[in-house]
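Note: the block below is structure.json and it holds JSON, C-alpha atoms and all ligand atoms.
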```json
[["chain", "number", "residue", "atom", "x", "y", "z"],
["A", 1, "MET", "CA", -106.46, 56.30, -179.26],
["A", 2, "ALA", "CA", -102.73, 56.69, -178.62],
["A", 3, "ASN", "CA", -102.93, 60.05, -176.83],
["A", 4, "GLU", "CA", -106.02, 59.37, -174.76],
["A", 5, "VAL", "CA", -105.75, 60.78, -171.24],
["A", 6, "GLU", "CA", -106.00, 58.23, -168.46],
["A", 7, "HIS", "CA", -109.04, 58.73, -166.22],
["A", 8, "PHE", "CA", -109.55, 57.91, -162.57],
["A", 9, "HIS", "CA", -113.01, 58.00, -160.98],
["A", 10, "VAL", "CA", -113.19, 59.37, -157.46],
["A", 11, "THR", "CA", -116.16, 58.67, -155.20],
["A", 12, "TYR", "CA", -117.88, 60.91, -152.63],
["A", 13, "ASN", "CA", -116.61, 58.55, -149.94],
["A", 14, "ASP", "CA", -113.02, 58.83, -151.19],
["A", 15, "ILE", "CA", -113.24, 62.61, -150.88],
["A", 16, "HIS", "CA", -114.97, 62.51, -147.51],
["A", 17, "ASN", "CA", -112.33, 60.17, -146.10],
["A", 18, "LEU", "CA", -109.38, 62.15, -147.46],
["A", 19, "ILE", "CA", -110.80, 65.26, -145.82],
["A", 20, "ARG", "CA", -111.45, 63.41, -142.56],
["A", 21, "LYS", "CA", -107.83, 62.26, -142.45],
["A", 22, "CYS", "CA", -106.39, 65.68, -143.28],
["A", 23, "THR", "CA", -108.57, 67.95, -141.16],
["A", 24, "PRO", "CA", -107.14, 67.29, -137.67],
["A", 25, "LYS", "CA", -103.73, 68.51, -138.89],
["A", 26, "ILE", "CA", -105.28, 71.57, -140.54],
["A", 27, "GLY", "CA", -107.33, 72.32, -137.42],
["A", 28, "ALA", "CA", -104.27, 72.00, -135.18],
["A", 29, "GLU", "CA", -101.82, 73.90, -137.38],
["A", 30, "PHE", "CA", -103.77, 76.46, -139.35],
["A", 31, "ASN", "CA", -107.08, 76.59, -137.51],
["A", 32, "PRO", "CA", -109.02, 78.56, -140.15],
["A", 33, "ASP", "CA", -111.81, 80.92, -139.25],
["A", 34, "LEU", "CA", -113.04, 81.38, -142.80],
["A", 35, "LEU", "CA", -113.19, 78.97, -145.76],
["A", 36, "VAL", "CA", -113.13, 80.33, -149.31],
["A", 37, "ALA", "CA", -114.30, 77.63, -151.70],
["A", 38, "ILE", "CA", -113.32, 77.85, -155.34],
["A", 39, "GLY", "CA", -116.39, 76.84, -157.31],
["A", 40, "GLY", "CA", -117.62, 74.48, -158.39],
["A", 41, "GLY", "CA", -115.13, 71.78, -157.35],
["A", 42, "GLY", "CA", -114.30, 73.33, -153.98],
["A", 43, "PHE", "CA", -117.91, 73.53, -152.75],
["A", 44, "PHE", "CA", -118.43, 69.94, -151.59],
["A", 45, "PRO", "CA", -114.92, 69.62, -150.06],
["A", 46, "ALA", "CA", -115.36, 72.90, -148.15],
["A", 47, "ARG", "CA", -118.69, 71.78, -146.75],
["A", 48, "VAL", "CA", -117.28, 68.43, -145.65],
["A", 49, "MET", "CA", -114.21, 70.08, -144.16],
["A", 50, "ARG", "CA", -116.43, 72.33, -142.08],
["A", 51, "THR", "CA", -118.04, 69.28, -140.51],
["A", 52, "PHE", "CA", -114.67, 67.93, -139.39],
["A", 53, "LEU", "CA", -113.29, 71.32, -138.34],
["A", 54, "ARG", "CA", -116.33, 71.92, -136.19],
["A", 55, "GLY", "CA", -115.68, 68.57, -134.57],
["A", 56, "SER", "CA", -112.11, 69.53, -133.75],
["A", 57, "THR", "CA", -112.63, 73.10, -132.54],
["A", 58, "GLU", "CA", -115.18, 74.03, -129.91],
["A", 59, "ASN", "CA", -118.21, 76.11, -130.85],
["A", 60, "LYS", "CA", -116.52, 77.69, -133.80],
["A", 61, "THR", "CA", -118.82, 79.19, -136.39],
["A", 62, "LEU", "CA", -117.14, 78.72, -139.67],
["A", 63, "GLN", "CA", -118.36, 80.63, -142.69],
["A", 64, "ILE", "CA", -117.90, 79.33, -146.21],
["A", 65, "GLN", "CA", -117.55, 82.00, -148.88],
["A", 66, "ALA", "CA", -117.46, 81.18, -152.57],
["A", 67, "ILE", "CA", -115.49, 82.42, -155.52],
["A", 68, "GLY", "CA", -115.80, 81.15, -159.08],
["A", 69, "LEU", "CA", -112.74, 80.79, -161.30],
["A", 70, "SER", "CA", -112.24, 79.12, -164.57],
["A", 71, "LEU", "CA", -109.26, 78.63, -166.85],
["A", 72, "TYR", "CA", -109.56, 80.55, -170.13],
["A", 73, "GLU", "CA", -111.67, 78.58, -172.62],
["A", 74, "PRO", "CA", -109.84, 78.83, -175.92],
["A", 75, "VAL", "CA", -111.72, 80.17, -178.90],
["A", 76, "GLU", "CA", -111.32, 78.46, -182.24],
["A", 77, "GLY", "CA", -107.85, 79.09, -183.63],
["A", 78, "ALA", "CA", -106.24, 79.82, -180.25],
["A", 79, "THR", "CA", -102.59, 78.82, -180.15],
["A", 80, "GLU", "CA", -101.21, 76.21, -177.75],
["A", 81, "GLU", "CA", -99.68, 79.03, -175.70],
["A", 82, "GLN", "CA", -103.00, 80.81, -175.31],
["A", 83, "ILE", "CA", -104.73, 77.71, -174.04],
["A", 84, "GLY", "CA", -104.89, 77.68, -170.30],
["A", 85, "GLN", "CA", -102.86, 80.85, -169.88],
["A", 86, "GLU", "CA", -105.52, 82.88, -168.18],
["A", 87, "VAL", "CA", -107.80, 82.51, -165.21],
["A", 88, "ILE", "CA", -111.19, 84.18, -165.43],
["A", 89, "ARG", "CA", -113.32, 85.28, -162.49],
["A", 90, "THR", "CA", -116.89, 84.06, -162.81],
["A", 91, "GLN", "CA", -117.84, 84.96, -159.23],
["A", 92, "TRP", "CA", -116.15, 86.92, -156.45],
["A", 93, "LEU", "CA", -116.70, 88.06, -152.91],
["A", 94, "GLY", "CA", -118.83, 91.20, -152.61],
["A", 95, "ALA", "CA", -117.72, 94.81, -152.35],
["A", 96, "ASP", "CA", -116.71, 94.19, -148.72],
["A", 97, "ALA", "CA", -114.29, 91.39, -149.68],
["A", 98, "GLY", "CA", -111.33, 93.02, -147.96],
["A", 99, "LYS", "CA", -113.32, 93.65, -144.76],
["A", 100, "MET", "CA", -114.37, 90.02, -144.72],
["A", 101, "LEU", "CA", -110.78, 88.78, -145.03],
["A", 102, "VAL", "CA", -108.69, 91.18, -143.00],
["A", 103, "GLY", "CA", -107.39, 89.80, -139.70],
["A", 104, "LYS", "CA", -108.70, 86.29, -140.52],
["A", 105, "ARG", "CA", -107.12, 82.92, -141.06],
["A", 106, "VAL", "CA", -108.50, 82.09, -144.49],
["A", 107, "LEU", "CA", -108.34, 78.60, -145.96],
["A", 108, "ILE", "CA", -108.79, 78.47, -149.74],
["A", 109, "VAL", "CA", -110.40, 75.16, -150.73],
["A", 110, "ASP", "CA", -110.43, 73.49, -154.13],
["A", 111, "GLU", "CA", -110.80, 69.95, -155.39],
["A", 112, "VAL", "CA", -107.61, 69.65, -157.43],
["A", 113, "ASP", "CA", -104.29, 71.38, -157.93],
["A", 114, "ASP", "CA", -103.36, 70.69, -161.52],
["A", 115, "THR", "CA", -101.13, 73.41, -163.06],
["A", 116, "ARG", "CA", -101.54, 75.51, -159.86],
["A", 117, "LYS", "CA", -102.64, 78.55, -161.87],
["A", 118, "THR", "CA", -106.07, 78.75, -160.30],
["A", 119, "LEU", "CA", -104.74, 78.59, -156.74],
["A", 120, "HIS", "CA", -102.07, 81.16, -157.53],
["A", 121, "TYR", "CA", -104.65, 83.51, -159.01],
["A", 122, "ALA", "CA", -107.08, 83.06, -156.12],
["A", 123, "LEU", "CA", -104.42, 83.69, -153.50],
["A", 124, "SER", "CA", -102.93, 86.76, -155.16],
["A", 125, "GLU", "CA", -106.34, 88.33, -155.85],
["A", 126, "LEU", "CA", -107.58, 87.75, -152.30],
["A", 127, "LYS", "CA", -104.37, 89.35, -151.02],
["A", 128, "LYS", "CA", -105.09, 92.37, -153.24],
["A", 129, "ASP", "CA", -108.49, 92.70, -151.58],
["A", 130, "VAL", "CA", -106.78, 92.68, -148.19],
["A", 131, "GLU", "CA", -104.31, 95.37, -149.26],
["A", 132, "ALA", "CA", -107.14, 97.55, -150.60],
["A", 133, "GLU", "CA", -108.93, 97.23, -147.26],
["A", 134, "LEU", "CA", -105.78, 98.07, -145.32],
["A", 135, "LEU", "CA", -105.54, 101.36, -147.20],
["A", 136, "THR", "CA", -108.82, 102.39, -145.58],
["A", 137, "ARG", "CA", -107.42, 101.70, -142.08],
["A", 138, "PRO", "CA", -105.18, 103.99, -140.02],
["A", 139, "GLU", "CA", -101.56, 103.59, -141.08],
["A", 140, "SER", "CA", -100.51, 102.68, -137.55],
["A", 141, "GLU", "CA", -102.75, 99.57, -137.63],
["A", 142, "ARG", "CA", -101.85, 98.24, -141.06],
["A", 143, "ASP", "CA", -98.80, 96.13, -140.26],
["A", 144, "THR", "CA", -100.51, 94.41, -137.35],
["A", 145, "LEU", "CA", -103.61, 93.68, -139.41],
["A", 146, "ARG", "CA", -101.56, 92.45, -142.36],
["A", 147, "ALA", "CA", -99.62, 90.11, -140.09],
["A", 148, "ALA", "CA", -102.85, 88.82, -138.54],
["A", 149, "THR", "CA", -104.29, 87.98, -141.98],
["A", 150, "LYS", "CA", -103.17, 84.48, -142.97],
["A", 151, "PHE", "CA", -103.94, 82.42, -146.03],
["A", 152, "GLY", "CA", -103.69, 78.66, -146.33],
["A", 153, "ILE", "CA", -104.65, 76.24, -149.08],
["A", 154, "PHE", "CA", -106.38, 72.88, -149.07],
["A", 155, "VAL", "CA", -106.95, 70.69, -152.10],
["A", 156, "VAL", "CA", -108.35, 67.18, -152.08],
["A", 157, "HIS", "CA", -105.92, 66.06, -154.81],
["A", 158, "ASN", "CA", -102.56, 67.43, -155.82],
["A", 159, "LYS", "CA", -101.27, 66.19, -159.15],
["A", 160, "LYS", "CA", -97.61, 65.28, -159.11],
["A", 161, "LYS", "CA", -96.44, 67.23, -162.14],
["A", 162, "PRO", "CA", -94.45, 70.38, -162.97],
["A", 163, "LYS", "CA", -96.52, 73.37, -161.92],
["A", 164, "LEU", "CA", -96.98, 76.52, -164.01],
["A", 165, "ALA", "CA", -97.28, 78.84, -161.01],
["A", 166, "GLU", "CA", -95.61, 78.97, -157.63],
["A", 167, "LEU", "CA", -97.22, 79.61, -154.28],
["A", 168, "PRO", "CA", -95.43, 81.66, -151.62],
["A", 169, "LYS", "CA", -93.36, 79.42, -149.32],
["A", 170, "ASP", "CA", -95.00, 80.91, -146.23],
["A", 171, "THR", "CA", -98.49, 79.80, -147.32],
["A", 172, "PRO", "CA", -99.50, 76.57, -145.57],
["A", 173, "TYR", "CA", -100.48, 74.03, -148.22],
["A", 174, "TYR", "CA", -102.42, 70.85, -147.51],
["A", 175, "ALA", "CA", -103.39, 68.13, -149.97],
["A", 176, "GLY", "CA", -105.63, 65.18, -149.12],
["A", 177, "GLU", "CA", -103.59, 63.05, -151.50],
["A", 178, "ASP", "CA", -100.83, 63.41, -154.08],
["A", 179, "VAL", "CA", -101.84, 61.67, -157.30],
["A", 180, "ASP", "CA", -100.33, 60.86, -160.66],
["A", 181, "ASP", "CA", -101.06, 63.15, -163.58],
["A", 182, "VAL", "CA", -104.31, 61.51, -164.66],
["A", 183, "TRP", "CA", -107.70, 63.08, -165.32],
["A", 184, "LEU", "CA", -109.83, 62.80, -162.19],
["A", 185, "ASP", "CA", -113.57, 62.29, -162.68],
["A", 186, "TYR", "CA", -115.42, 63.76, -159.70],
["A", 187, "PRO", "CA", -118.79, 62.37, -158.58],
["A", 188, "TRP", "CA", -120.60, 65.73, -158.81],
["A", 189, "GLU", "CA", -119.79, 65.86, -162.53],
["A", 190, "SER", "CA", -121.60, 62.60, -163.16],
["A", 191, "THR", "CA", -125.22, 62.31, -164.20],
["A", 192, "ASN", "CA", -125.29, 58.62, -163.28],
["A", 193, "ILE", "CA", -123.75, 58.13, -159.85],
["A", 194, "GLU", "CA", -124.22, 54.34, -159.80],
["A", 195, "GLU", "CA", -122.35, 53.99, -163.07],
["A", 196, "HIS", "CA", -119.70, 56.42, -161.79],
["A", 197, "ASP", "CA", -119.20, 54.34, -158.64],
["A", 198, "LYS", "CA", -118.89, 51.16, -160.71],
["A", 199, "LEU", "CA", -116.17, 52.77, -162.81],
["A", 200, "ALA", "CA", -114.52, 54.02, -159.61],
["A", 201, "ALA", "CA", -114.47, 50.48, -158.18],
["A", 202, "LEU", "CA", -112.82, 49.28, -161.37],
["A", 203, "ASP", "CA", -110.24, 52.08, -161.28],
["A", 204, "HIS", "CA", -109.49, 51.46, -157.61],
["A", 205, "SER", "CA", -108.91, 47.77, -158.29],
["A", 206, "LYS", "CA", -106.32, 48.78, -160.90],
["A", 207, "LYS", "CA", -104.71, 51.18, -158.39],
["A", 208, "THR", "CA", -103.95, 53.89, -160.95],
["A", 209, "VAL", "CA", -103.64, 56.60, -158.31],
["A", 210, "SER", "CA", -100.82, 56.19, -155.83],
["B", 301, "LIG", "P1", -105.18, 74.44, -162.38],
["B", 301, "LIG", "O1", -105.39, 75.91, -162.37],
["B", 301, "LIG", "O2", -104.54, 73.91, -161.13],
["B", 301, "LIG", "O3", -104.50, 73.97, -163.64],
["B", 301, "LIG", "O4", -106.60, 73.79, -162.54],
["B", 301, "LIG", "C1", -107.52, 73.86, -161.60],
["B", 301, "LIG", "C2", -108.89, 73.59, -162.16],
["B", 301, "LIG", "O5", -108.89, 72.82, -163.38],
["B", 301, "LIG", "C3", -109.60, 72.75, -161.16],
["B", 301, "LIG", "O6", -110.23, 73.55, -160.18],
["B", 301, "LIG", "C4", -110.55, 71.96, -162.02],
["B", 301, "LIG", "O7", -111.72, 72.70, -162.24],
["B", 301, "LIG", "C5", -109.84, 71.78, -163.34],
["B", 301, "LIG", "N1", -109.13, 70.48, -163.37],
["B", 301, "LIG", "C6", -107.80, 70.29, -163.42],
["B", 301, "LIG", "N2", -107.49, 68.99, -163.40],
["B", 301, "LIG", "C7", -108.67, 68.33, -163.32],
["B", 301, "LIG", "C8", -109.02, 66.92, -163.26],
["B", 301, "LIG", "O8", -108.20, 66.01, -163.26],
["B", 301, "LIG", "N3", -110.33, 66.64, -163.18],
["B", 301, "LIG", "C9", -111.29, 67.60, -163.18],
["B", 301, "LIG", "N4", -112.55, 67.20, -163.11],
["B", 301, "LIG", "N5", -111.02, 68.93, -163.22],
["B", 301, "LIG", "C10", -109.70, 69.28, -163.30]]
```

Could I get this structure in the form of structure tokens?
Amino acid sequence: MANEVEHFHVTYNDIHNLIRKCTPKIGAEFNPDLLVAIGGGGFFPARVMRTFLRGSTENKTLQIQAIGLSLYEPVEGATEEQIGQEVIRTQWLGADAGKMLVGKRVLIVDEVDDTRKTLHYALSELKKDVEAELLTRPESERDTLRAATKFGIFVVHNKKKPKLAELPKDTPYYAGEDVDDVWLDYPWESTNIEEHDKLAALDHSKKTVS
């Protein structure tokens, strides 16, 4: 088919190794004390990152919290413009979200930055939770607490393509690898991991991803 999207199969080891390479820099520069994984793709990367962060920072207990986001699934008859315009929450932090975040260095973790809409939504909504929490604190403490609350972003893969949303320039952004605009097949989506790994070996030999 002429318009078929090119696929690239990524293995668990690829992801593990990208995270291993990236984590020392993240530990040294951002040094998160809370990971917020965007489900489902951010779960495995966040768990692996915790292993390497624990190795690089002494005795640090690092919690992983989860949020679930999904790009709007178009109903039949949706226009091109409606497709992918909206991010939907499928899971969020509890009622004490703001309390959990305020004063922390929070690293948002996902598997892939495609249009950037999901990351933009996650970051701006988590910041809203922080602001709501700050309203419950004495006014004299708010600026200090706001300044102490930092957000950073880690994705395993960043697709090199025009993005549909922008992230604030002061938000540290880390990507395991910049890749071409191909469809990435992740191992946790596969029901036959041996077959997936065979396809990955084939893709790697063709070097589709830079
Ligand atoms: P964005 O909001 O950046 O456009 O998309 C983010 C979400 O779309 C990702 O968290 C992921 O669930 C899905 N997605 C985007 N590109 C890919 C891809 O190449 N492979 C897979 N498996 N999911 C993707």

Give me the residues near Leu123 in chain A as a ChimeraX atom specification, where near means some atom within 12 Å (using all atoms listed in the file) and where sequence neighbours in that chain fewer than 4 positions away do not count.
/A:36-38,67,69,101,106-110,116-119,127-130,150-154,165-168,171-173

Contacts of chain A with ligand LIG 301 (chain B) up to 10 Å, shortest pair per row, all atoms listed in the file, as JSON lines:
```
{"residue": "A:Val5", "atom": "CA", "partner": "B:LIG301", "partner_atom": "O8", "distance": 9.9}
{"residue": "A:Glu6", "atom": "CA", "partner": "B:LIG301", "partner_atom": "O8", "distance": 9.6}
{"residue": "A:His7", "atom": "CA", "partner": "B:LIG301", "partner_atom": "O8", "distance": 7.9}
{"residue": "A:Phe8", "atom": "CA", "partner": "B:LIG301", "partner_atom": "O8", "distance": 8.2}
{"residue": "A:His9", "atom": "CA", "partner": "B:LIG301", "partner_atom": "N3", "distance": 9.3}
{"residue": "A:Val10", "atom": "CA", "partner": "B:LIG301", "partner_atom": "N4", "distance": 9.7}
{"residue": "A:Ile38", "atom": "CA", "partner": "B:LIG301", "partner_atom": "O6", "distance": 7.2}
{"residue": "A:Gly39", "atom": "CA", "partner": "B:LIG301", "partner_atom": "O6", "distance": 7.6}
{"residue": "A:Gly40", "atom": "CA", "partner": "B:LIG301", "partner_atom": "O7", "distance": 7.3}
{"residue": "A:Gly41", "atom": "CA", "partner": "B:LIG301", "partner_atom": "O6", "distance": 5.9}
{"residue": "A:Gly42", "atom": "CA", "partner": "B:LIG301", "partner_atom": "O6", "distance": 7.4}
{"residue": "A:Gly68", "atom": "CA", "partner": "B:LIG301", "partner_atom": "O6", "distance": 9.5}
{"residue": "A:Leu69", "atom": "CA", "partner": "B:LIG301", "partner_atom": "O6", "distance": 7.7}
{"residue": "A:Ser70", "atom": "CA", "partner": "B:LIG301", "partner_atom": "O7", "distance": 6.8}
{"residue": "A:Leu71", "atom": "CA", "partner": "B:LIG301", "partner_atom": "O1", "distance": 6.5}
{"residue": "A:Tyr72", "atom": "CA", "partner": "B:LIG301", "partner_atom": "O1", "distance": 10.0}
{"residue": "A:Gly84", "atom": "CA", "partner": "B:LIG301", "partner_atom": "O3", "distance": 7.6}
{"residue": "A:Gln85", "atom": "CA", "partner": "B:LIG301", "partner_atom": "O1", "distance": 9.3}
{"residue": "A:Glu86", "atom": "CA", "partner": "B:LIG301", "partner_atom": "O1", "distance": 9.1}
{"residue": "A:Val87", "atom": "CA", "partner": "B:LIG301", "partner_atom": "O1", "distance": 7.6}
{"residue": "A:Val109", "atom": "CA", "partner": "B:LIG301", "partner_atom": "O6", "distance": 9.6}
{"residue": "A:Asp110", "atom": "CA", "partner": "B:LIG301", "partner_atom": "O6", "distance": 6.1}
{"residue": "A:Glu111", "atom": "CA", "partner": "B:LIG301", "partner_atom": "O6", "distance": 6.0}
{"residue": "A:Val112", "atom": "CA", "partner": "B:LIG301", "partner_atom": "C3", "distance": 5.2}
{"residue": "A:Asp113", "atom": "CA", "partner": "B:LIG301", "partner_atom": "O2", "distance": 4.1}
{"residue": "A:Asp114", "atom": "CA", "partner": "B:LIG301", "partner_atom": "O2", "distance": 3.5}
{"residue": "A:Thr115", "atom": "CA", "partner": "B:LIG301", "partner_atom": "O3", "distance": 3.5}
{"residue": "A:Arg116", "atom": "CA", "partner": "B:LIG301", "partner_atom": "O2", "distance": 3.6}
{"residue": "A:Lys117", "atom": "CA", "partner": "B:LIG301", "partner_atom": "O1", "distance": 3.8}
{"residue": "A:Thr118", "atom": "CA", "partner": "B:LIG301", "partner_atom": "O1", "distance": 3.6}
{"residue": "A:Leu119", "atom": "CA", "partner": "B:LIG301", "partner_atom": "O1", "distance": 6.3}
{"residue": "A:His120", "atom": "CA", "partner": "B:LIG301", "partner_atom": "O1", "distance": 7.9}
{"residue": "A:Tyr121", "atom": "CA", "partner": "B:LIG301", "partner_atom": "O1", "distance": 8.3}
{"residue": "A:Ala122", "atom": "CA", "partner": "B:LIG301", "partner_atom": "O1", "distance": 9.6}
{"residue": "A:Val155", "atom": "CA", "partner": "B:LIG301", "partner_atom": "O6", "distance": 9.2}
{"residue": "A:His157", "atom": "CA", "partner": "B:LIG301", "partner_atom": "O8", "distance": 8.8}
{"residue": "A:Asn158", "atom": "CA", "partner": "B:LIG301", "partner_atom": "O2", "distance": 8.6}
{"residue": "A:Lys159", "atom": "CA", "partner": "B:LIG301", "partner_atom": "N2", "distance": 8.0}
{"residue": "A:Lys163", "atom": "CA", "partner": "B:LIG301", "partner_atom": "O2", "distance": 8.1}
{"residue": "A:Leu164", "atom": "CA", "partner": "B:LIG301", "partner_atom": "O3", "distance": 7.9}
{"residue": "A:Ala165", "atom": "CA", "partner": "B:LIG301", "partner_atom": "O1", "distance": 8.7}
{"residue": "A:Val179", "atom": "CA", "partner": "B:LIG301", "partner_atom": "O8", "distance": 9.7}
{"residue": "A:Asp180", "atom": "CA", "partner": "B:LIG301", "partner_atom": "O8", "distance": 9.8}
{"residue": "A:Asp181", "atom": "CA", "partner": "B:LIG301", "partner_atom": "O8", "distance": 7.7}
{"residue": "A:Val182", "atom": "CA", "partner": "B:LIG301", "partner_atom": "O8", "distance": 6.1}
{"residue": "A:Trp183", "atom": "CA", "partner": "B:LIG301", "partner_atom": "O8", "distance": 3.6}
{"residue": "A:Leu184", "atom": "CA", "partner": "B:LIG301", "partner_atom": "O8", "distance": 3.8}
{"residue": "A:Asp185", "atom": "CA", "partner": "B:LIG301", "partner_atom": "N4", "distance": 5.0}
{"residue": "A:Tyr186", "atom": "CA", "partner": "B:LIG301", "partner_atom": "N4", "distance": 5.6}
{"residue": "A:Pro187", "atom": "CA", "partner": "B:LIG301", "partner_atom": "N4", "distance": 9.1}
{"residue": "A:Trp188", "atom": "CA", "partner": "B:LIG301", "partner_atom": "N4", "distance": 9.2}
{"residue": "A:Glu189", "atom": "CA", "partner": "B:LIG301", "partner_atom": "N4", "distance": 7.4}
```

Output for the residues just chosen: C-alpha atoms as a CSV table (one decimal), in the coordinates of the input:
```csv
chain,number,residue,atom,x,y,z
A,5,VAL,CA,-105.8,60.8,-171.2
A,6,GLU,CA,-106.0,58.2,-168.5
A,7,HIS,CA,-109.0,58.7,-166.2
A,8,PHE,CA,-109.6,57.9,-162.6
A,9,HIS,CA,-113.0,58.0,-161.0
A,10,VAL,CA,-113.2,59.4,-157.5
A,38,ILE,CA,-113.3,77.8,-155.3
A,39,GLY,CA,-116.4,76.8,-157.3
A,40,GLY,CA,-117.6,74.5,-158.4
A,41,GLY,CA,-115.1,71.8,-157.4
A,42,GLY,CA,-114.3,73.3,-154.0
A,68,GLY,CA,-115.8,81.2,-159.1
A,69,LEU,CA,-112.7,80.8,-161.3
A,70,SER,CA,-112.2,79.1,-164.6
A,71,LEU,CA,-109.3,78.6,-166.8
A,72,TYR,CA,-109.6,80.6,-170.1
A,84,GLY,CA,-104.9,77.7,-170.3
A,85,GLN,CA,-102.9,80.8,-169.9
A,86,GLU,CA,-105.5,82.9,-168.2
A,87,VAL,CA,-107.8,82.5,-165.2
A,109,VAL,CA,-110.4,75.2,-150.7
A,110,ASP,CA,-110.4,73.5,-154.1
A,111,GLU,CA,-110.8,70.0,-155.4
A,112,VAL,CA,-107.6,69.6,-157.4
A,113,ASP,CA,-104.3,71.4,-157.9
A,114,ASP,CA,-103.4,70.7,-161.5
A,115,THR,CA,-101.1,73.4,-163.1
A,116,ARG,CA,-101.5,75.5,-159.9
A,117,LYS,CA,-102.6,78.6,-161.9
A,118,THR,CA,-106.1,78.8,-160.3
A,119,LEU,CA,-104.7,78.6,-156.7
A,120,HIS,CA,-102.1,81.2,-157.5
A,121,TYR,CA,-104.6,83.5,-159.0
A,122,ALA,CA,-107.1,83.1,-156.1
A,155,VAL,CA,-107.0,70.7,-152.1
A,157,HIS,CA,-105.9,66.1,-154.8
A,158,ASN,CA,-102.6,67.4,-155.8
A,159,LYS,CA,-101.3,66.2,-159.2
A,163,LYS,CA,-96.5,73.4,-161.9
A,164,LEU,CA,-97.0,76.5,-164.0
A,165,ALA,CA,-97.3,78.8,-161.0
A,179,VAL,CA,-101.8,61.7,-157.3
A,180,ASP,CA,-100.3,60.9,-160.7
A,181,ASP,CA,-101.1,63.2,-163.6
A,182,VAL,CA,-104.3,61.5,-164.7
A,183,TRP,CA,-107.7,63.1,-165.3
A,184,LEU,CA,-109.8,62.8,-162.2
A,185,ASP,CA,-113.6,62.3,-162.7
A,186,TYR,CA,-115.4,63.8,-159.7
A,187,PRO,CA,-118.8,62.4,-158.6
A,188,TRP,CA,-120.6,65.7,-158.8
A,189,GLU,CA,-119.8,65.9,-162.5
```

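Distance check against Phe52 in chain A using all atoms listed in the file: of A:Ile26, A:Ala200, A:Ala66, A:Ala148, the minimum falls on A:Ile26.
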
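Of the residues under consideration (A:Glu133, A:Asp170, A:Glu194, A:Glu141), A:Glu133 shows the shortest atom-to-atom contact distance to Ala95 in chain A when counting only C-alpha atoms.
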
A straight line from CA of His204 in chain A to CA of Lys161 in chain A spans 21.0 Å

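Minimum atom-to-atom distance to Asp178 in chain A, evaluated using only C-alpha atoms, belongs to A:Lys160 out of A:Met49, A:Ile193, A:Leu62, A:Lys160.
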
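Note that CA of Tyr174 in chain A and CA of Leu134 in chain A are 27.5 Å apart.
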
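What separates CA of Gln63 in chain A from CA of Leu34 in chain A is a distance of 5.4 Å.
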